[in-house]
Each structure stands twice: as C-alpha cells, then as structure tokens.
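Q: So I've got this file, protein-v6.csv, and it contains CSV, C-alpha atoms:
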chain,number,residue,atom,x,y,z
A,19,MET,CA,133.8,86.0,121.1
A,20,ALA,CA,134.4,83.2,123.6
A,21,TYR,CA,138.0,84.2,124.0
A,22,LEU,CA,137.0,87.8,124.6
A,23,ALA,CA,134.3,86.8,127.1
A,24,LYS,CA,136.9,84.7,129.0
A,25,ASP,CA,139.4,87.6,129.3
A,26,THR,CA,137.0,90.6,129.6
A,27,PRO,CA,133.4,89.6,130.2
A,28,GLU,CA,132.3,93.3,130.3
A,29,GLY,CA,133.8,93.9,126.9
A,30,ALA,CA,132.0,90.9,125.4
A,31,GLN,CA,128.7,92.0,126.9
A,32,ASP,CA,129.2,95.5,125.5
A,33,MET,CA,129.8,94.1,122.0
A,34,MET,CA,126.7,91.9,122.2
A,35,SER,CA,124.6,94.9,123.0
A,36,THR,CA,125.4,96.5,119.7
A,37,ASP,CA,123.3,94.2,117.5
A,38,PRO,CA,126.1,92.0,116.1
A,39,GLN,CA,123.8,90.6,113.5
A,40,HIS,CA,124.5,93.7,111.5
A,41,TRP,CA,128.3,93.6,111.5
A,42,SER,CA,129.5,90.0,112.4
A,43,ARG,CA,129.2,87.0,110.1
A,44,ALA,CA,128.8,84.7,113.0
A,45,PHE,CA,125.4,86.3,113.7
A,46,PHE,CA,124.1,86.8,110.2
A,47,ARG,CA,120.7,85.4,109.3
A,48,ILE,CA,121.1,81.9,107.7
A,49,GLY,CA,119.6,81.8,104.2
A,50,SER,CA,120.4,85.5,103.3
A,51,ASN,CA,123.0,84.2,100.8
A,52,CYS,CA,125.3,87.2,101.6
A,53,ASP,CA,128.5,87.1,103.5
A,54,SER,CA,129.5,90.7,102.9
A,55,VAL,CA,129.8,92.7,106.1
A,56,ASP,CA,129.8,96.1,104.2
A,57,ASN,CA,128.8,96.2,100.5
A,58,ASN,CA,129.0,100.1,100.2
A,59,ILE,CA,125.9,100.1,98.0
A,60,CYS,CA,124.8,103.5,99.4
A,61,GLU,CA,128.2,105.1,98.7
A,62,SER,CA,128.3,103.6,95.2
A,63,PHE,CA,124.9,104.9,94.3
A,64,ASN,CA,125.7,108.3,95.8
A,65,ASN,CA,128.9,108.5,93.8
A,66,SER,CA,127.1,107.6,90.5
A,67,ILE,CA,124.6,110.4,90.9
A,68,LEU,CA,127.1,112.9,92.2
A,69,ASP,CA,126.7,115.4,89.3
A,70,ALA,CA,122.9,114.9,89.1
A,71,ARG,CA,122.4,115.9,92.7
A,72,PHE,CA,123.1,119.5,91.9
A,73,PHE,CA,120.5,119.8,89.2
A,74,PRO,CA,116.9,121.0,89.7
A,75,VAL,CA,114.4,118.3,90.7
A,76,ILE,CA,113.2,117.4,87.2
A,77,SER,CA,116.6,117.5,85.6
A,78,MET,CA,118.0,115.4,88.5
A,79,ASN,CA,115.4,112.7,88.1
A,80,GLU,CA,115.9,112.7,84.3
A,81,ALA,CA,119.6,112.2,84.7
A,82,ILE,CA,119.1,109.3,87.2
A,83,ARG,CA,116.5,107.7,84.8
A,84,LYS,CA,118.9,107.8,82.0
A,85,LYS,CA,121.6,106.1,84.1
A,86,VAL,CA,119.3,103.4,85.2
A,87,MET,CA,118.0,102.8,81.7
A,88,ILE,CA,121.6,102.5,80.3
A,89,ARG,CA,122.6,100.1,83.2
A,90,ILE,CA,119.7,97.8,82.6
A,91,GLN,CA,120.3,97.7,78.8
A,92,GLU,CA,124.1,97.0,79.3
A,93,ASN,CA,123.5,94.2,81.8
A,94,ARG,CA,120.8,92.6,79.6
A,95,SER,CA,123.2,92.6,76.6
A,96,ARG,CA,126.1,91.3,78.7
A,97,VAL,CA,124.2,88.3,80.1
A,98,GLU,CA,123.4,87.0,76.6
A,99,LYS,CA,127.1,86.3,76.1
A,100,TRP,CA,127.6,84.3,79.3
A,101,PRO,CA,128.2,80.5,79.0
A,102,GLY,CA,127.0,77.9,81.4
A,103,THR,CA,124.4,78.3,84.2
A,104,ILE,CA,126.3,80.2,86.9
A,105,CYS,CA,127.2,83.9,86.7
A,106,PRO,CA,130.9,84.4,85.8
A,107,ASN,CA,131.7,86.5,88.9
A,108,VAL,CA,130.2,84.0,91.2
A,109,PHE,CA,132.1,81.1,89.5
A,110,ARG,CA,135.3,83.1,89.8
A,111,LYS,CA,134.7,83.3,93.5
A,112,LEU,CA,133.9,79.6,93.6
A,113,LYS,CA,137.2,78.7,91.9
A,114,LEU,CA,139.0,79.7,95.1
A,115,ASN,CA,137.1,77.1,97.1
A,116,ILE,CA,137.7,74.5,94.3
A,117,GLU,CA,141.5,75.1,94.7
A,118,ARG,CA,141.2,74.7,98.5
A,119,SER,CA,139.2,71.4,98.1
A,120,ARG,CA,142.4,69.7,96.9
A,121,CYS,CA,143.8,69.8,100.5
A,122,CYS,CA,140.7,68.1,102.0
A,123,LEU,CA,140.5,64.5,103.0
A,124,VAL,CA,136.9,63.1,102.8
A,125,LEU,CA,135.3,60.1,104.7
A,126,TRP,CA,131.9,59.1,103.3
A,127,ASN,CA,129.4,57.1,105.3
A,128,GLY,CA,127.7,55.9,102.1
A,129,ALA,CA,124.5,57.9,102.7
A,130,ASP,CA,124.4,61.7,103.2
A,131,GLY,CA,127.1,62.2,105.8
A,132,PHE,CA,130.7,63.2,105.2
A,133,GLU,CA,133.6,63.9,107.4
A,134,VAL,CA,136.1,66.3,106.0
A,135,GLN,CA,139.6,67.2,107.3
A,136,GLU,CA,141.3,70.2,105.8
A,137,LYS,CA,145.1,69.7,105.7
A,138,GLU,CA,146.2,69.0,109.3
A,139,GLY,CA,143.6,71.3,110.8
A,140,ARG,CA,140.0,70.9,112.0
A,141,LYS,CA,137.5,68.3,110.9
A,142,TYR,CA,134.0,69.3,109.6
A,143,VAL,CA,130.8,67.5,109.0
A,144,VAL,CA,128.9,67.9,105.8
A,145,ASN,CA,125.3,66.9,105.1
A,146,MET,CA,124.5,66.9,101.4
A,147,VAL,CA,120.7,66.4,101.9
A,148,LYS,CA,120.3,69.2,104.5
A,149,GLY,CA,122.8,71.5,102.7
A,150,THR,CA,124.9,72.1,105.8
A,151,CYS,CA,128.5,72.3,106.7
A,152,THR,CA,129.7,72.8,110.3
A,153,CYS,CA,132.0,75.6,109.0
A,154,GLY,CA,128.8,77.6,108.3
A,155,TYR,CA,130.0,79.1,105.0
A,156,TRP,CA,127.6,77.1,102.8
A,157,GLN,CA,124.5,78.0,104.8
A,158,LEU,CA,125.5,81.7,105.0
A,159,SER,CA,126.6,82.5,101.4
A,160,GLY,CA,124.7,79.8,99.4
A,161,LEU,CA,127.9,78.8,97.8
A,162,PRO,CA,129.6,75.4,98.5
A,163,CYS,CA,132.6,75.7,100.7
A,164,CYS,CA,135.8,73.8,100.0
A,165,HIS,CA,134.6,71.0,102.3
A,166,THR,CA,131.3,70.7,100.5
A,167,ILE,CA,133.0,70.7,97.1
A,168,SER,CA,135.3,67.9,98.1
A,169,CYS,CA,132.2,65.9,99.1
A,170,ILE,CA,130.5,66.6,95.9
A,171,TYR,CA,133.4,65.3,93.9
A,172,LYS,CA,133.7,62.3,96.2
A,173,ALA,CA,130.0,61.4,95.5
A,174,SER,CA,130.4,62.2,91.8
A,175,LYS,CA,127.6,64.8,91.9
A,176,LYS,CA,127.2,67.9,89.8
A,177,LEU,CA,128.5,71.1,91.5
A,178,ASP,CA,125.8,73.4,89.9
A,179,ASP,CA,123.0,71.5,91.7
A,180,TYR,CA,124.3,72.6,95.1
A,181,ILE,CA,124.6,76.3,94.4
A,182,ALA,CA,121.8,78.7,95.5
A,183,PRO,CA,119.4,79.6,92.7
A,184,CYS,CA,120.0,83.3,93.2
A,185,TYR,CA,123.5,82.9,91.6
A,186,THR,CA,122.3,81.4,88.3
A,187,ILE,CA,122.1,83.2,85.0
A,188,HIS,CA,118.4,82.6,84.9
A,189,ALA,CA,117.9,84.6,88.2
A,190,TYR,CA,120.2,87.3,86.8
A,191,LYS,CA,117.9,87.6,83.8
A,192,LYS,CA,114.9,87.9,86.0
A,193,THR,CA,116.5,90.7,87.9
A,194,TYR,CA,116.8,92.8,84.7
A,195,ALA,CA,113.6,91.6,83.1
A,196,HIS,CA,111.9,94.9,83.8
A,197,VAL,CA,113.0,97.7,81.6
A,198,LEU,CA,112.3,101.4,81.5
A,199,GLN,CA,110.2,102.6,78.6
A,200,PRO,CA,111.4,105.5,76.5
A,201,ILE,CA,109.6,108.8,76.9
A,202,GLU,CA,109.2,112.0,74.9
A,203,GLY,CA,110.9,115.2,75.8
A,204,PRO,CA,109.6,118.0,78.0
A,205,ASP,CA,108.2,119.9,75.0
A,206,ASN,CA,105.7,117.1,74.4
A,207,TRP,CA,104.6,116.6,78.0
A,208,PRO,CA,100.9,117.3,78.7
A,209,ILE,CA,100.2,120.5,80.7
A,210,ALA,CA,98.5,119.8,84.0
A,211,ASN,CA,95.7,122.0,85.4
A,212,MET,CA,97.3,122.0,88.9
A,213,PRO,CA,99.1,125.1,90.1
A,214,ARG,CA,102.7,125.3,89.3
A,215,PRO,CA,105.0,124.6,92.3
A,216,GLU,CA,107.1,127.5,93.3
A,217,PRO,CA,110.8,126.9,94.1
A,218,ARG,CA,112.1,127.5,97.6
A,219,ALA,CA,114.1,130.5,98.3
A,220,PHE,CA,117.7,129.8,97.7
A,221,VAL,CA,119.9,130.3,100.8
A,222,LYS,CA,123.6,130.1,100.1
A,223,LYS,CA,125.4,128.5,103.0
A,224,PRO,CA,128.9,129.6,104.0
A,225,GLY,CA,131.8,127.7,102.5
A,226,ARG,CA,132.0,125.4,99.5
A,227,PRO,CA,129.2,122.8,98.9
A,228,LYS,CA,130.2,119.4,100.2
A,229,THR,CA,130.5,116.7,97.6
A,230,GLU,CA,131.7,113.8,99.7
A,231,ARG,CA,130.0,111.8,102.4
A,232,ARG,CA,130.6,112.5,106.1
A,233,ARG,CA,133.0,110.0,107.5
A,234,GLU,CA,132.4,108.1,110.7
A,235,GLN,CA,134.2,109.0,113.9
A,236,GLY,CA,137.6,107.4,113.9
A,237,GLU,CA,137.5,106.7,110.2
A,238,GLU,CA,140.7,107.6,108.3
A,239,PRO,CA,140.4,110.7,106.1
A,240,LYS,CA,140.6,110.4,102.3
A,241,GLY,CA,144.3,110.7,101.5
A,242,THR,CA,145.6,112.9,98.8
A,243,LYS,CA,149.3,112.6,99.6
A,244,LEU,CA,151.5,109.6,100.3
A,245,SER,CA,152.1,109.0,104.0
A,246,ARG,CA,155.6,109.8,105.2
A,247,VAL,CA,155.3,107.4,108.1
A,248,GLY,CA,158.3,105.1,108.2
A,249,ILE,CA,160.5,107.2,106.0
A,250,LYS,CA,163.9,108.0,107.4
A,251,MET,CA,164.8,111.7,107.1
A,252,ARG,CA,168.4,112.5,106.2
A,253,CYS,CA,170.3,115.7,106.8
A,254,ARG,CA,171.5,117.1,103.5
A,255,ILE,CA,174.5,118.8,105.2
A,256,CYS,CA,176.1,116.0,107.2
A,257,GLY,CA,174.1,113.0,106.0
A,258,THR,CA,172.9,111.9,109.5
A,259,THR,CA,169.5,110.3,109.8
A,260,ALA,CA,168.9,111.5,113.4
A,261,TYR,CA,167.7,114.9,112.2
A,262,ASN,CA,167.2,117.0,109.1
A,263,SER,CA,169.1,120.1,108.0
A,264,ARG,CA,166.9,122.5,110.0
A,265,ARG,CA,168.3,121.1,113.3
A,266,CYS,CA,171.8,120.2,112.1
A,267,PRO,CA,174.6,121.7,114.3
A,268,GLN,CA,176.5,122.6,111.2
A,269,ASN,CA,173.7,124.8,109.9
A,270,PRO,CA,174.4,128.4,111.0
A,271,GLU,CA,170.7,129.2,110.6
A,272,ALA,CA,169.5,126.3,112.8
A,273,GLY,CA,167.0,127.4,115.5
A,274,ASN,CA,166.7,130.9,114.0
A,275,LYS,CA,163.5,130.4,112.1
A,276,GLY,CA,161.5,132.9,114.2
A,277,ASN,CA,162.5,135.9,111.9
A,278,ALA,CA,162.6,134.0,108.7
A,279,HIS,CA,160.1,136.4,107.0
A,280,ILE,CA,162.4,139.4,107.8
A,281,ARG,CA,165.4,137.6,106.2
A,282,ARG,CA,163.4,136.7,103.2
A,283,ALA,CA,162.3,140.3,102.8
A,284,ARG,CA,165.9,141.5,103.2
A,285,THR,CA,167.1,139.1,100.6
A,286,GLU,CA,164.4,140.1,98.2
A,287,LYS,CA,165.2,143.7,98.6
A,288,ARG,CA,169.0,143.1,98.1
A,289,LYS,CA,168.3,141.2,94.9
A,290,ASN,CA,166.0,143.9,93.6
A,291,ALA,CA,168.7,146.5,94.4
A,292,GLU,CA,171.3,144.4,92.5
A,293,ALA,CA,169.0,144.0,89.6
A,294,GLY,CA,168.4,147.8,89.5
A,295,THR,CA,172.1,148.5,89.7
A,296,ASP,CA,172.8,146.2,86.8
A,297,ALA,CA,170.1,147.8,84.7
A,298,THR,CA,171.5,151.3,85.4
A,299,THR,CA,175.0,150.2,84.5
A,300,SER,CA,173.7,148.7,81.2
A,301,ARG,CA,172.0,151.9,80.3
A,302,ASN,CA,175.1,154.0,81.0
A,303,THR,CA,177.2,151.7,78.8
A,304,LYS,CA,174.8,152.1,75.9
A,305,LYS,CA,174.9,155.9,76.2
A,306,GLN,CA,178.7,155.9,76.1
A,307,LYS,CA,178.7,153.8,73.0
A,308,VAL,CA,176.2,156.1,71.3
A,309,LEU,CA,178.3,159.1,72.2
Show me, as structure tokens, the structure contained in the file I just sent.

A:
Amino acid sequence: MAYLAKDTPEGAQDMMSTDPQHWSRAFFRIGSNCDSVDNNICESFNNSILDARFFPVISMNEAIRKKVMIRIQENRSRVEKWPGTICPNVFRKLKLNIERSRCCLVLWNGADGFEVQEKEGRKYVVNMVKGTCTCGYWQLSGLPCCHTISCIYKASKKLDDYIAPCYTIHAYKKTYAHVLQPIEGPDNWPIANMPRPEPRAFVKKPGRPKTERRREQGEEPKGTKLSRVGIKMRCRICGTTAYNSRRCPQNPEAGNKGNAHIRRARTEKRKNAEAGTDATTSRNTKKQKVL
C-alpha cells in the first residue's frame, strides 16, 4: 500500500475507502485466528443443498436436517481416531512453517525476546510472552510462524503450548458436542389446530431455472471447454502456422463461405440423386436375372 500511495495517491485513497478489513490480511482484526481472505462457505453450503432447494418447504428442511445430522455424526466418529492434541489438518499446515524454520537464525536475549533472521532476508522480533512476531502471522492466524517455531526450539519449549486453543482436538469436540435428535415420520406428527397454510400460486418464469450462483462483474465464467489461447493453428493444406485452411491461398473455396448453405444443399441433392440411381440400377439388374 505504501508503494501504491507513493506512485498514485488517488488510487491508494480509493482502495482505503472500500473497507480493506474485509479483503486484505494487513487490515484483518488481530485475534480472529483466520487468515483466509475468501473461505467460500456460502458457495459450499449452497452447493450441498442444491437438490433440496427445489423441494417443497417441509421436504427441503427435512433434507437439510438429514445432511446436518449425518455430518455431525461423521465428524464425531472421525475425531475419536485422531492422535495428539492438535487437529491433523492444522498440523499439516503447521509442517510447512516447521520446514521453513530450518532456514532461520535465532538470537536469544535470555528472557522473552528473540531476533530471527530468515535466510539472507529480513530480521524479525519475536516475544514469546506477549505472543507476537513482527511478521504478524502468529497474531493473525493463531499458529506459530516459522520465526516463532525456531524460537520455540531454541528455548526448548513445547510447540503445542503456543498454538491457539481453537485448533485443538478438544475444541473440535466441543464444536460437535451438540447433536440432532432423531424424530418420527410425518405420519406420527401431531395435528395442529391452526389453519393450514395455503401454497402460493406458482408462476413459471421464462427460461430454465438457474442452478448456479450469479458471478461478480469481471469474474471469469465457468469453463466447460479447454481454452485455445496460446495454441498455434496450422493449415492442413500447406502446413503454414500463419493461417488455417479456410484462408489458405491454395484453397479454392477460401473466402467463399457466404453461400456455403447453398453448396451443402446442392451436394446433398447430388448424393441423394446418385443413391436413387444406384437403387434403380440394382432393381433393374434383379429383374433381368429373374427373367
């Protein structure tokens, strides 16, 4: 942002007026323990209930209830097999920082301050008591960065003690502690004394019903075919890559595509006539053999 403000102050001011705390990690709230700019949770949930959305209200809610019930049960069963104290997906992400910590040089002041240099690049200051690193990753995500990990190993501390509690298996179990209770079918539901709600009149809109979300302006459309950008076209007549066979000088039909439908109809008519002539000849031959 500083470089942008130096070159184009108006552009930097424009970007700052768009609430950067929603789309830039540099402005995220410290302590949120989330460094994802876009987690696509709305799109994921919408895709999971795609079929249920076209059901009536009661059937739709019943389908969603079953999905949620199955998901809670599967996650409760899965967590019982996890070893250690940290969730496996989180520890897999942490391994990348552990690998990077090998390239860090650490200077310890003997108390709670550390000076860390990553390779030949910048130097960072880590405070183990305050839980801060000047790179900002530890405060933002709740996971120790490579600089913090190198300091933890330098001080012979335990890595799990410096990970945010929300990443522990205990916290994961608390998330799925609440379960949905099984219910009976509609035939056993009590009949209410309230008047039955009448469905709204169905109005069929023109065109097919949309099943995909609306894309933002400038967002690339969902591709169904491989892009041909960068592929060199080659003429099948002369082998030149400057054009294809439609514009080849050796093609007698080049540039005469305006009446292509007339030529196609003429060719089809000629083939039908030839086929009819062959059939007539075949019948006459059979008659002669019979006679």

Q: Extract, using all atoms listed in the file, all DNA, RNA and protein residues at most 12 Å from Ile170 of chain A, discarding same-chain residues fewer than 2 positions from it, and format them as a VMD selection string.

A: chain A and resid 116 119 122 124 to 126 130 to 132 134 144 to 147 149 162 to 168 172 to 181

Q: Excluding same-chain residues fewer than 3 positions from Ile255 of chain A, what lies within 9 Å of it counting only C-alpha atoms, as a list in words?

A: Arg252, Thr258, Asn262, Ser263, Cys266, Gln268 and Asn269 of chain A

Q: In Å to one decimal, how far is atom CA of Glu234 of chain A from atom CA of His40 of chain A?

A: 16.4 Å

Q: Which residues, written as a ChimeraX atom specification, have at least one atom at most 10 Å from segment 70-78 of chain A, with only C-alpha atoms counted and residues fewer than 5 positions away on the same chain left out?

A: /A:64-65,83,204,217,227,229

Q: Quick one: write out the picked residues with C-alpha atoms as a JSON list (two decimals), in the frame of the given file?

A:
[["chain", "number", "residue", "atom", "x", "y", "z"],
["A", 64, "ASN", "CA", 125.70, 108.30, 95.80],
["A", 65, "ASN", "CA", 128.90, 108.50, 93.80],
["A", 83, "ARG", "CA", 116.50, 107.70, 84.80],
["A", 204, "PRO", "CA", 109.60, 118.00, 78.00],
["A", 217, "PRO", "CA", 110.80, 126.90, 94.10],
["A", 227, "PRO", "CA", 129.20, 122.80, 98.90],
["A", 229, "THR", "CA", 130.50, 116.70, 97.60]]

Q: Hey, which of A:Arg246, A:Arg214, A:Lys148, A:Lys191 ends up closest to Glu98 of chain A? Count all atoms listed in the file.

A: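 Closest to Glu98 of chain A, using all atoms listed in the file: A:Lys191.
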
Q: List as a PDB file with C-alpha atoms, keeping the file's coordinate frame the protein and nucleic acid residues near Arg231 of chain A, meaning an atom at most 12 Å away when only C-alpha atoms are counted, but skip any in the same chain fewer than 6 places from it.

A:
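Listed below is the output, around_1.pdb:
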ATOM      1  CA  ASN A  58     129.000 100.100 100.200  1.00  0.00           C
ATOM      2  CA  CYS A  60     124.800 103.500  99.400  1.00  0.00           C
ATOM      3  CA  GLU A  61     128.200 105.100  98.700  1.00  0.00           C
ATOM      4  CA  SER A  62     128.300 103.600  95.200  1.00  0.00           C
ATOM      5  CA  PHE A  63     124.900 104.900  94.300  1.00  0.00           C
ATOM      6  CA  ASN A  64     125.700 108.300  95.800  1.00  0.00           C
ATOM      7  CA  ASN A  65     128.900 108.500  93.800  1.00  0.00           C
ATOM      8  CA  LEU A  68     127.100 112.900  92.200  1.00  0.00           C
ATOM      9  CA  GLU A 237     137.500 106.700 110.200  1.00  0.00           C
ATOM     10  CA  PRO A 239     140.400 110.700 106.100  1.00  0.00           C
ATOM     11  CA  LYS A 240     140.600 110.400 102.300  1.00  0.00           C
TER      12      LYS A 240
END

Q: Would you mind reading off the distance between atom CA of Ala182 of chain A and atom CA of Asp37 of chain A, one decimal, in Å?

A: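 Atom-to-atom, atom CA of Ala182 of chain A to atom CA of Asp37 of chain A, that is 27.0 Å.
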